[in-house]
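As structure tokens, the structure follows; a few thoughts come after it.
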2 protein chains.
Amino acid sequence: MTRKPKANLEDIARETGVSKMTVSRVLRGGSGFSDDTRTRVLQVAERLGYIPNRLAAAFGADQASTLVGICVPRLTSGLFAHVLDGVDRALTRLGYQVMIGCNNHSSEDEEAWLRQLISWRPAGVILSGRHHSPGTVDLLRNAGMPVVEIWELTTTPIDMAVGFSHFDCGAEMGQFLIRRGRRRIGVVGAMAGQDEMGRARRDGVERALAQAGHPVAAAELLLDTPGFYAGYYGLETLLSRAPGLDAVYFHNDEMAIGGLAYAQARGLRVPEDLAIAGWGGMEAASVLPLRLTTTVVPTTAIGKQAAEGLVARLRGEPVQDVVAVPTRLVPGQTV
Amino acid sequence: MTRKPKANLEDIARETGVSKMTVSRVLRGGSGFSDDTRTRVLQVAERLGYIPNRLAAAFGADQASTLVGICVPRLTSGLFAHVLDGVDRALTRLGYQVMIGCNNHSSEDEEAWLRQLISWRPAGVILSGRHHSPGTVDLLRNAGMPVVEIWELTTTPIDMAVGFSHFDCGAEMGQFLIRRGRRRIGVVGAMAGQDEMGRARRDGVERALAQAGHPVAAAELLLDTPGFYAGYYGLETLLSRAPGLDAVYFHNDEMAIGGLAYAQARGLRVPEDLAIAGWGGMEAASVLPLRLTTTVVPTTAIGKQAAEGLVARLRGEPVQDVVAVPTRLVPGQTV
DNA sequence: TGCCGCAAGTTTACCGGTAACGTAGCCAAA
DNA sequence: TTTGGCTACGTTACCGGTAAACTTGCGGCA
């Protein structure tokens, strides 16, 4: 194993007969050299198979990093995968590299990851959610780099924020269920006590229903990660405890689809006997035999805007601190 | 914006009254210092909020990088999300950081990403697939770092490989369909000409069917990314061209579920009129009203093993070059 | 008493790139 | 002829950590 790539600036300089600095300027596309020099340097670089050393660049000139970190609650969620994709595409296009992290809905994990990230002296960081440990906030304030908080909106961002209100998503769906004549409405949640944003949606639906005079009839709060199984068994448990519900609001679409599967397995007619509402807008939701009633979230756009905002700030361009992206309640066939 | 974290080794050294080098040894947990010195150094480091500079460490001692790159074909695929999760968990636990990339099923994109990655002088890299551009192979050979090729198995890895045979997946499902009495079998593919591994599965099923004397009756090869919609419309197109099929093998589970939705929308009985087979083993497949017949792939395990193999090699431990992970054909209710 | 060996440090020399600054050569305007 | 400005470079210092070599103090032992 021959560590260390063969060529560095000095090798090119020696071979070309100019100084290191001239080579550096040519390769970074600056100015202060003749066309002839440029051509010769590029030829030699090509011939020696030169690969720049960003480690040295970022280290020496301590503002030149092109590294951006992004931390999401779970990597296996389809929604966050799209956020990640939006971030990655935008940053790649702009010449940045992406370091990922997963906080498992835990502030401590987030802080631990952030500490590792900062040890690489990145150009900026994208976090999910608006609740962070005091240590995290401290680290970020001292690091003095752009920070974008995504997913859940906050009006007082550490630096910038791109997202929407989970509470409003829940409230809107609650009002919708009421308008459609539902009165005995249940809720199936997941990751009890861990997912702040899922809780915000439940709070939203609770508030809306209470205000309409038909408070939540029953709630089943699972500890599991929100998946199809959890939705299936969550609804089973909920209905066994509270038969006669006429609607259920699920933590997300995956669980709602699982719930739908259970309802059908039990011979319940959807939406006549039971209405089912999800959240998130996963693609599967719209090709089911029954199109799911859900709230569509612009995942990729959030990632893209977070990345672009971060880079704009790095470049000193004017940036909007808080960007609210619109979510859309899509009435399907399950309510 | 106050770039640059406050404290470095020298600050701690000055404050503690020892040399930089002693501080370095204490913080990295070496030896050659008294307990008293250790305690004082740690206290001062804590007080000054010291955060190590991995940039400097990796730069100065060019084997100290804890950066690992992983490149997958698509970030939005549920399967790769699980691979990524497996990689991330394992590497985080082992003290490494993860840089991601997405090659969009294109060798050029992969090479471009790899070039960026190498400019960070990473400790190792994980790539998907076994087909790479000559430039990629060159870069990897010169970089002299561990390389793991995942997902599609190869017997001649650049360095290491963890995966399975896509061809065999297809062949196994082909034989299964034949055993279940299917004779007019169609195929719906996606990402025509781009996804080598999807093609390998199609090749596998074709071979199996041909050997059984009932070659593929019709194939619809879409250009789209493999999702629910593509499955829905892919089956529609296929059946309009080749009515009377009694089974269809889909590119993956998402498409199979889309196809299932179409079949039900058309009033086709599954599996009586039409059998549907998927590939991948997404969770949704097993809670549908009809459990999907599919091949389950150990995604997370692949990521985990790739990461652990890479680190083992970095540590100079003995490693198995080629690890074949088992896939499992799960007979559901759709065949 | 003198020597040895070890623990506990210190000193020095880098790593590869970039910023800041220096300078030689040339041309044009004064 | 001098001066000033510009182009096209060269030189130096430095970033923060680490490896390796070197030093110092001290206890043990012949």
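Order determines the names: the first chain of the structure tokens is A, the second B, and so forth; residues in each chain are numbered 1 upward, and ligands are numbered 1 upward as they are shown.
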
**Request:** Hey, list the chain C side of the contact with chain A: 10 Å cut-off, only C-alpha atoms (C1' of nucleotides), answer as JSON, numbers by chain.
**Result:** {"C": [15, 16, 17, 18, 19]}

Those same residues, written as a tab-separated table (two decimals), in the first residue's frame with N, CA, C and O atoms (P, O5', C5', C4', C3', O3' and C1' of nucleotides)?
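result_13.tsv, freshly written:
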chain	number	residue	atom	x	y	z
C	15	DC	P	8.30	17.30	4.12
C	15	DC	O5'	6.76	16.94	4.02
C	15	DC	C5'	6.18	15.85	4.72
C	15	DC	C4'	4.71	16.15	4.93
C	15	DC	C3'	4.13	17.02	3.82
C	15	DC	O3'	3.44	16.19	2.89
C	15	DC	C1'	3.45	17.76	6.03
C	16	DG	P	3.80	16.36	1.34
C	16	DG	O5'	2.82	17.53	0.90
C	16	DG	C5'	1.43	17.31	0.98
C	16	DG	C4'	0.72	18.62	0.74
C	16	DG	C3'	1.10	19.31	-0.56
C	16	DG	O3'	-0.11	19.76	-1.14
C	16	DG	C1'	1.39	20.79	1.24
C	17	DG	P	-0.17	20.30	-2.59
C	17	DG	O5'	-0.83	21.72	-2.33
C	17	DG	C5'	-2.06	21.77	-1.63
C	17	DG	C4'	-2.14	23.04	-0.82
C	17	DG	C3'	-2.16	24.33	-1.64
C	17	DG	O3'	-3.49	24.81	-1.68
C	17	DG	C1'	-0.81	24.51	0.35
C	18	DT	P	-3.86	26.04	-2.56
C	18	DT	O5'	-3.57	27.25	-1.57
C	18	DT	C5'	-4.33	27.36	-0.37
C	18	DT	C4'	-3.92	28.58	0.39
C	18	DT	C3'	-3.97	29.88	-0.42
C	18	DT	O3'	-4.63	30.84	0.37
C	18	DT	C1'	-1.84	29.64	0.59
C	19	DA	P	-5.10	32.19	-0.29
C	19	DA	O5'	-4.33	33.22	0.64
C	19	DA	C5'	-4.54	33.14	2.05
C	19	DA	C4'	-3.63	34.13	2.75
C	19	DA	C3'	-3.67	35.53	2.17
C	19	DA	O3'	-3.61	36.44	3.27
C	19	DA	C1'	-1.46	34.68	2.01

**Asked** Got a sec: who's within 12 Å of DA21 of chain D, counting only C-alpha atoms (C1' of nucleotides), leaving out chain neighbours fewer than 5 positions off, as a ChimeraX atom specification?
**Response** /C:10-13

**chain D residues near chain A (10 Å cut-off, only C-alpha atoms (C1' of nucleotides)) as a list in words** =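 Residues of chain D within 10 Å of chain A, counting only C-alpha atoms (C1' of nucleotides): DT7, DA8, DC9, DG10, DT11, DC14, DC15 and DG16 of chain D.
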
**Item:** Interface list for chain A, partner chain B, 7 Å threshold, only C-alpha atoms, as a PyMOL selection string
**Value:** chain A and resi 1-5+51-56+59+75-76+78+81-82+85+98-100+119-120+142-145+228-229+258+261+265+283-284+287-289

Mind dumping the selected residues with N, CA and C atoms as an mmCIF file, in the first residue's frame?
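Ended up saving to again.cif:
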data_model
loop_
_atom_site.group_PDB
_atom_site.id
_atom_site.type_symbol
_atom_site.label_atom_id
_atom_site.label_comp_id
_atom_site.auth_asym_id
_atom_site.auth_seq_id
_atom_site.Cartn_x
_atom_site.Cartn_y
_atom_site.Cartn_z
ATOM 1 N N MET A 1 0.839 -1.211 0.000
ATOM 2 C CA MET A 1 0.000 0.000 0.000
ATOM 3 C C MET A 1 0.868 1.253 0.000
ATOM 4 N N THR A 2 0.893 1.956 -1.089
ATOM 5 C CA THR A 2 1.772 3.123 -1.209
ATOM 6 C C THR A 2 1.066 4.413 -0.858
ATOM 7 N N ARG A 3 0.819 4.618 0.396
ATOM 8 C CA ARG A 3 0.205 5.875 0.822
ATOM 9 C C ARG A 3 0.802 7.054 0.056
ATOM 10 N N LYS A 4 0.075 8.116 0.061
ATOM 11 C CA LYS A 4 0.565 9.389 -0.500
ATOM 12 C C LYS A 4 0.629 9.402 -2.022
ATOM 13 N N PRO A 5 -0.272 10.165 -2.600
ATOM 14 C CA PRO A 5 -0.293 10.321 -4.051
ATOM 15 C C PRO A 5 1.031 10.891 -4.512
ATOM 16 N N ILE A 51 -3.353 15.358 -7.936
ATOM 17 C CA ILE A 51 -4.651 15.544 -7.284
ATOM 18 C C ILE A 51 -4.465 16.507 -6.129
ATOM 19 N N PRO A 52 -5.184 17.623 -6.168
ATOM 20 C CA PRO A 52 -4.999 18.640 -5.122
ATOM 21 C C PRO A 52 -5.182 18.064 -3.736
ATOM 22 N N ASN A 53 -4.565 18.656 -2.783
ATOM 23 C CA ASN A 53 -4.680 18.209 -1.401
ATOM 24 C C ASN A 53 -5.508 19.221 -0.618
ATOM 25 N N ARG A 54 -6.796 18.911 -0.496
ATOM 26 C CA ARG A 54 -7.681 19.853 0.157
ATOM 27 C C ARG A 54 -7.406 19.933 1.652
ATOM 28 N N LEU A 55 -6.825 18.880 2.157
ATOM 29 C CA LEU A 55 -6.431 18.867 3.554
ATOM 30 C C LEU A 55 -5.462 20.019 3.803
ATOM 31 N N ALA A 56 -4.448 20.072 2.973
ATOM 32 C CA ALA A 56 -3.437 21.117 3.107
ATOM 33 C C ALA A 56 -4.037 22.489 2.838
ATOM 34 N N PHE A 59 -6.269 23.486 5.647
ATOM 35 C CA PHE A 59 -5.464 23.648 6.846
ATOM 36 C C PHE A 59 -4.664 24.950 6.803
ATOM 37 N N LEU A 75 -31.464 7.891 8.814
ATOM 38 C CA LEU A 75 -31.051 7.763 7.416
ATOM 39 C C LEU A 75 -32.030 6.902 6.627
ATOM 40 N N THR A 76 -32.796 6.083 7.332
ATOM 41 C CA THR A 76 -33.641 5.122 6.635
ATOM 42 C C THR A 76 -35.036 5.661 6.337
ATOM 43 N N GLY A 78 -37.587 7.619 4.163
ATOM 44 C CA GLY A 78 -37.651 8.054 2.770
ATOM 45 C C GLY A 78 -37.636 9.568 2.655
ATOM 46 N N ALA A 81 -34.171 10.858 3.154
ATOM 47 C CA ALA A 81 -33.358 10.470 2.007
ATOM 48 C C ALA A 81 -33.505 11.504 0.896
ATOM 49 N N HIS A 82 -34.723 11.996 0.721
ATOM 50 C CA HIS A 82 -34.920 13.017 -0.306
ATOM 51 C C HIS A 82 -34.285 14.343 0.095
ATOM 52 N N ASP A 85 -30.741 13.979 -0.612
ATOM 53 C CA ASP A 85 -30.512 14.030 -2.047
ATOM 54 C C ASP A 85 -30.502 15.478 -2.529
ATOM 55 N N VAL A 98 -19.908 16.524 1.076
ATOM 56 C CA VAL A 98 -20.942 16.350 2.100
ATOM 57 C C VAL A 98 -20.576 15.274 3.110
ATOM 58 N N MET A 99 -20.512 15.657 4.352
ATOM 59 C CA MET A 99 -20.303 14.685 5.421
ATOM 60 C C MET A 99 -21.640 14.456 6.114
ATOM 61 N N ILE A 100 -22.019 13.182 6.266
ATOM 62 C CA ILE A 100 -23.337 12.940 6.849
ATOM 63 C C ILE A 100 -23.263 12.551 8.314
ATOM 64 N N SER A 119 -14.229 19.093 14.176
ATOM 65 C CA SER A 119 -12.800 18.778 14.174
ATOM 66 C C SER A 119 -12.254 18.741 12.743
ATOM 67 N N TRP A 120 -13.138 18.726 11.772
ATOM 68 C CA TRP A 120 -12.699 18.831 10.364
ATOM 69 C C TRP A 120 -12.774 20.258 9.867
ATOM 70 N N ASN A 142 -19.457 29.209 18.748
ATOM 71 C CA ASN A 142 -18.006 29.404 18.752
ATOM 72 C C ASN A 142 -17.362 29.080 17.411
ATOM 73 N N ALA A 143 -17.973 28.156 16.672
ATOM 74 C CA ALA A 143 -17.359 27.741 15.413
ATOM 75 C C ALA A 143 -17.416 28.857 14.388
ATOM 76 N N GLY A 144 -18.414 29.718 14.523
ATOM 77 C CA GLY A 144 -18.487 30.840 13.607
ATOM 78 C C GLY A 144 -18.637 30.454 12.162
ATOM 79 N N MET A 145 -19.479 29.455 11.920
ATOM 80 C CA MET A 145 -19.717 29.076 10.523
ATOM 81 C C MET A 145 -21.220 29.108 10.268
ATOM 82 N N PHE A 228 -44.123 0.488 8.451
ATOM 83 C CA PHE A 228 -45.377 -0.159 8.082
ATOM 84 C C PHE A 228 -45.890 -1.066 9.199
ATOM 85 N N TYR A 229 -45.000 -1.877 9.739
ATOM 86 C CA TYR A 229 -45.394 -2.780 10.822
ATOM 87 C C TYR A 229 -46.010 -2.007 11.972
ATOM 88 N N GLY A 258 -49.498 1.086 6.647
ATOM 89 C CA GLY A 258 -49.598 -0.098 7.486
ATOM 90 C C GLY A 258 -50.976 -0.188 8.137
ATOM 91 N N ALA A 261 -53.526 -1.277 5.690
ATOM 92 C CA ALA A 261 -53.448 -2.725 5.484
ATOM 93 C C ALA A 261 -54.206 -3.452 6.594
ATOM 94 N N ALA A 265 -57.475 -5.761 6.289
ATOM 95 C CA ALA A 265 -57.407 -7.137 6.775
ATOM 96 C C ALA A 265 -58.564 -7.423 7.734
ATOM 97 N N GLU A 283 -44.193 8.555 -2.103
ATOM 98 C CA GLU A 283 -44.713 8.288 -3.440
ATOM 99 C C GLU A 283 -45.747 7.174 -3.423
ATOM 100 N N ALA A 284 -45.496 6.151 -2.636
ATOM 101 C CA ALA A 284 -46.396 4.999 -2.601
ATOM 102 C C ALA A 284 -47.821 5.416 -2.259
ATOM 103 N N VAL A 287 -50.276 5.793 -5.216
ATOM 104 C CA VAL A 287 -50.610 4.732 -6.176
ATOM 105 C C VAL A 287 -51.268 3.543 -5.502
ATOM 106 N N LEU A 288 -51.561 3.695 -4.230
ATOM 107 C CA LEU A 288 -52.316 2.628 -3.581
ATOM 108 C C LEU A 288 -53.681 2.544 -4.224
ATOM 109 N N PRO A 289 -54.319 1.387 -4.106
ATOM 110 C CA PRO A 289 -55.692 1.274 -4.614
ATOM 111 C C PRO A 289 -56.527 2.450 -4.121
#

**Message:** Can you tell me which residues surround Thr334 of chain B at a distance of at most 6 Å, considering only C-alpha atoms (C1' of nucleotides), apart from same-chain residues fewer than 2 positions away, and format the answer as number ranges by chain?
**Reply:** B: 270-271, 275-276, 292-293, 332

**Asked** Neighbours of segment 324-330 of chain B within 12 Å (only C-alpha atoms (C1' of nucleotides); same-chain residues fewer than 2 positions away dropped), as number ranges by chain?
**Response** B: 149-155, 160-177, 277-282, 285-286, 291-306, 320-322, 332-335

**Fill in**
From atom CA of Ala208 of chain A to atom CA of Glu272 of chain A the spacing works out at 22.2 Å

**Message:** Using only C-alpha atoms (C1' of nucleotides), which protein or nucleic acid residues come within 10 Å of segment 1-4 of chain C? Drop anything in the same chain fewer than 6 positions from it, and give the result as a ChimeraX atom specification.
**Reply:** /D:28-30

**Non-local contacts of Asp195 of chain B (9 Å; only C-alpha atoms (C1' of nucleotides); under 3 positions in same chain excluded) as a list of chain:residue names** =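 Near neighbours after the sequence-gap exclusion: B:Pro73, B:His105, B:Ser106, B:Ala190, B:Met191, B:Ala192, B:Gly198, B:Arg199, B:Ala200.
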
Using C-alpha atoms, can you export the residues from the last selection as a PDB file, in the first residue's frame?
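Dumped to result-v3.pdb:
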ATOM      1  CA  PRO B  73     -26.093   4.954  -7.213  1.00  0.00           C
ATOM      2  CA  HIS B 105     -25.617   5.114 -12.071  1.00  0.00           C
ATOM      3  CA  SER B 106     -22.912   6.880 -14.052  1.00  0.00           C
ATOM      4  CA  ALA B 190     -36.140   0.612 -15.344  1.00  0.00           C
ATOM      5  CA  MET B 191     -33.258   2.986 -15.979  1.00  0.00           C
ATOM      6  CA  ALA B 192     -32.586   1.337 -19.316  1.00  0.00           C
ATOM      7  CA  GLY B 198     -30.931  -4.275 -12.701  1.00  0.00           C
ATOM      8  CA  ARG B 199     -29.804  -5.586 -16.039  1.00  0.00           C
ATOM      9  CA  ALA B 200     -27.977  -8.457 -14.371  1.00  0.00           C
TER      10      ALA B 200
END

**Request:** Could you pull out the residues in segment 181-281 of chain A that DSSP calls alpha helix (DSSP H) from the backbone, as a VMD selection string?
**Result:** chain A and resid 196 to 211 228 to 241 253 to 265

**Message:** I need the residues of segment 47-118 of chain A that end up classed as strand (DSSP E) by DSSP on the backbone, written out as a PyMOL selection string.
**Reply:** chain A and resi 67-72+97-102

Would you save the residues from that selection as a compact mmCIF listing (two decimals), in the first residue's frame, using N, CA and C atoms?
# COMPACT_ATOMS: atom_id res chain seq x y z
N LEU A 67 -16.14 21.65 2.83
CA LEU A 67 -16.80 20.52 3.47
C LEU A 67 -18.05 21.02 4.20
N VAL A 68 -19.16 20.34 3.97
CA VAL A 68 -20.40 20.72 4.67
C VAL A 68 -20.99 19.49 5.34
N GLY A 69 -21.38 19.63 6.58
CA GLY A 69 -21.98 18.51 7.30
C GLY A 69 -23.49 18.60 7.29
N ILE A 70 -24.14 17.45 7.22
CA ILE A 70 -25.59 17.44 7.39
C ILE A 70 -25.99 16.29 8.29
N CYS A 71 -26.81 16.61 9.26
CA CYS A 71 -27.23 15.61 10.24
C CYS A 71 -28.75 15.47 10.19
N VAL A 72 -29.21 14.25 9.98
CA VAL A 72 -30.66 14.00 9.96
C VAL A 72 -31.02 13.03 11.07
N GLN A 97 -18.25 19.21 -0.60
CA GLN A 97 -18.35 17.80 -0.25
C GLN A 97 -19.23 17.66 1.00
N VAL A 98 -19.91 16.52 1.08
CA VAL A 98 -20.94 16.35 2.10
C VAL A 98 -20.58 15.27 3.11
N MET A 99 -20.51 15.66 4.35
CA MET A 99 -20.30 14.69 5.42
C MET A 99 -21.64 14.46 6.11
N ILE A 100 -22.02 13.18 6.27
CA ILE A 100 -23.34 12.94 6.85
C ILE A 100 -23.26 12.55 8.31
N GLY A 101 -24.39 12.70 8.95
CA GLY A 101 -24.51 12.26 10.32
C GLY A 101 -25.95 11.87 10.58
N CYS A 102 -26.14 11.06 11.62
CA CYS A 102 -27.47 10.61 11.96
C CYS A 102 -27.59 10.76 13.47

**Prompt:** When you draw a straight line from atom CA of Ser107 of chain A to atom CA of Ser133 of chain A, how long is it in Å?
**Reply:**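 These two atoms are separated by 5.6 Å.
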
**Request:** Enter the distance from atom CA of Ala210 of chain B to atom CA of Val187 of chain B, in Å, rounded to one decimal.
**Result:**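 Result for atom CA of Ala210 of chain B versus atom CA of Val187 of chain B: 13.4 Å, one decimal.
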